[in-house]
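Just target_35.cif here, mmCIF, C-alpha atoms:
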data_target
#
loop_
_atom_site.label_atom_id
_atom_site.label_comp_id
_atom_site.auth_asym_id
_atom_site.auth_seq_id
_atom_site.Cartn_x
_atom_site.Cartn_y
_atom_site.Cartn_z
CA MET A 1 -9.51 -206.17 100.74
CA HIS A 2 -11.67 -208.78 102.47
CA THR A 3 -14.66 -207.25 104.26
CA THR A 4 -15.92 -208.82 107.45
CA GLN A 5 -19.75 -208.85 107.48
CA GLY A 6 -20.73 -210.49 110.78
CA ASN A 7 -21.81 -208.90 114.04
CA THR A 8 -19.64 -210.65 116.59
CA PRO A 9 -17.36 -208.36 118.63
CA PHE A 10 -14.37 -209.74 116.72
CA GLU A 11 -15.98 -209.10 113.34
CA ILE A 12 -17.05 -205.59 114.33
CA ALA A 13 -13.53 -204.83 115.57
CA GLU A 14 -12.03 -206.23 112.36
CA ARG A 15 -14.39 -204.13 110.24
CA ARG A 16 -13.47 -201.01 112.21
CA ARG A 17 -9.77 -201.83 111.79
CA GLN A 18 -10.23 -202.17 108.04
CA GLU A 19 -12.12 -198.87 107.90
CA ALA A 20 -9.38 -197.14 109.91
CA ILE A 21 -6.70 -198.48 107.57
CA ALA A 22 -8.71 -197.31 104.54
CA GLN A 23 -9.12 -193.84 106.07
CA LEU A 24 -5.41 -193.64 106.79
CA GLU A 25 -4.56 -194.66 103.22
CA ILE A 26 -6.98 -192.03 101.90
CA ALA A 27 -5.41 -189.36 104.12
CA ILE A 28 -1.90 -190.28 102.97
CA SER A 29 -2.91 -190.29 99.31
CA THR A 30 -4.72 -186.98 99.69
CA GLN A 31 -1.67 -185.41 101.35
CA LYS A 32 0.56 -186.64 98.53
CA ILE A 33 -1.72 -184.99 95.96
CA ILE A 34 -1.77 -181.75 97.98
CA ASP A 35 2.04 -181.81 98.21
CA GLN A 36 2.25 -182.19 94.43
CA ILE A 37 -0.10 -179.23 93.94
CA LYS A 38 2.08 -177.14 96.28
CA GLU A 39 5.17 -178.14 94.31
CA CYS A 40 3.48 -177.02 91.09
CA ASP A 41 2.50 -173.72 92.75
CA THR A 42 6.11 -173.18 93.79
CA GLN A 43 7.32 -173.68 90.23
CA ILE A 44 4.60 -171.44 88.80
CA ASN A 45 5.32 -168.70 91.35
CA TYR A 46 9.05 -168.94 90.62
CA PHE A 47 8.32 -168.41 86.93
CA LEU A 48 6.02 -165.45 87.66
CA GLY A 49 8.68 -163.88 89.88
CA LEU A 50 11.27 -164.44 87.19
CA THR A 51 9.13 -162.73 84.57
CA ALA A 52 8.93 -159.67 86.83
CA ILE A 53 12.72 -159.24 86.83
CA ALA A 54 13.95 -160.83 83.60
CA GLU A 55 12.93 -162.57 80.41
CA PRO A 56 12.61 -166.30 81.11
CA ASP A 57 14.31 -168.66 78.69
CA GLU A 58 12.50 -171.45 76.84
CA ASP A 59 13.42 -174.10 79.44
CA GLU A 60 11.89 -172.00 82.21
CA ARG A 61 8.76 -171.45 80.12
CA ALA A 62 8.51 -175.19 79.46
CA LEU A 63 8.80 -175.94 83.19
CA ALA A 64 6.06 -173.44 83.99
CA ARG A 65 3.78 -174.90 81.29
CA GLU A 66 4.38 -178.41 82.62
CA ALA A 67 3.71 -177.24 86.20
CA ARG A 68 0.39 -175.70 85.14
CA LYS A 69 -0.59 -178.87 83.28
CA ASP A 70 0.42 -181.07 86.22
CA LYS A 71 -1.43 -178.86 88.68
CA LYS A 72 -4.67 -179.23 86.71
CA THR A 73 -4.20 -183.00 86.68
CA TYR A 74 -3.55 -183.15 90.43
CA GLU A 75 -6.50 -180.87 91.19
CA ALA A 76 -8.76 -183.13 89.12
CA ALA A 77 -7.41 -186.16 90.99
CA LEU A 78 -8.10 -184.42 94.30
CA GLU A 79 -11.69 -183.69 93.26
CA VAL A 80 -12.20 -187.35 92.34
CA MET A 81 -10.65 -188.45 95.64
CA ILE A 82 -13.00 -186.16 97.57
CA LYS A 83 -16.07 -187.41 95.71
CA LEU A 84 -15.13 -191.08 96.08
CA THR A 85 -14.32 -190.87 99.76
CA HIS A 86 -17.03 -188.49 100.91
CA ASP A 87 -19.32 -191.23 102.24
CA LEU A 88 -16.51 -193.42 103.54
CA VAL A 89 -15.03 -190.82 105.88
CA ARG A 90 -18.37 -189.21 106.68
CA ILE A 91 -17.14 -185.64 106.35
CA GLU A 92 -17.94 -182.89 103.97
CA ALA A 93 -15.02 -181.66 101.90
#
Could you write out this file's structure as structure tokens?
Amino acid sequence: MHTTQGNTPFEIAERRRQEAIAQLEIAISTQKIIDQIKECDTQINYFLGLTAIAEPDEDERALAREARKDKKTYEAALEVMIKLTHDLVRIEA
């Protein structure tokens, strides 16, 4: 991304436009990560509910293990995203 450095009204407007686009991209990416975490939670909760009423088979256990692993990965990605974007969006996560 090319960054406009000048102080003319056009350059300031262009810089603000670029910042707004970056913030929107961050928000979209963050939402995608959150959606993936929710999907993992759904799979994990399904498995836990299943264990309460029946013995899960090996495929169901494998799905739950994968969901737990994926959730940890997505949560780590979310933490990195928050740290990297903290100053850019000027909010505290």
Notebook entry, point to check: Could you pull the residues within 10 Å of Asp41 in chain A, counting only C-alpha atoms, minus those fewer than 5 positions along the same chain, as a VMD selection string?
Noted result: chain A and resid 35 to 36 46 to 47 64 67 to 68 71
Margin query: So the first atom is CA of Asn7 in chain A and the second is CA of Gln23 in chain A; what is the distance between them in Å, to one decimal place?
Written below: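 Interatomic distance, CA of Asn7 in chain A to CA of Gln23 in chain A: 21.2 Å.
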Note to self: Since I can't run it myself right now, could you work out what the PyMOL selection byres ((chain A and resi 78) around 12) selects here and report it as a VMD selection string?
What the structure shows: chain A and resid 26 to 27 29 to 37 71 to 77 79 to 86 93
Checklist line | d(CA of Glu66 in chain A, CA of Asn45 in chain A) in Å | finding: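 Atom-to-atom, CA of Glu66 in chain A to CA of Asn45 in chain A, that is 13.1 Å.
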Around range 3-12 of chain A, with edges along x, y and z and 5 Å added on all six sides, what centre and edge lengths do you get, in Å to one decimal, as AutoDock Vina command-line options?
--center_x -18.1 --center_y -208.1 --center_z 111.4 --size_x 17.4 --size_y 15.1 --size_z 24.4
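Nearest residue to Gln43 in chain A, choosing from A:Glu25, A:Glu19, A:Glu60, A:Glu11 and counting all atoms listed in the file: A:Glu60.
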Item checked: Point-to-point distance from CA of Ile44 in chain A to CA of Arg61 in chain A, Å rounded to tenths -> 9.6 Å
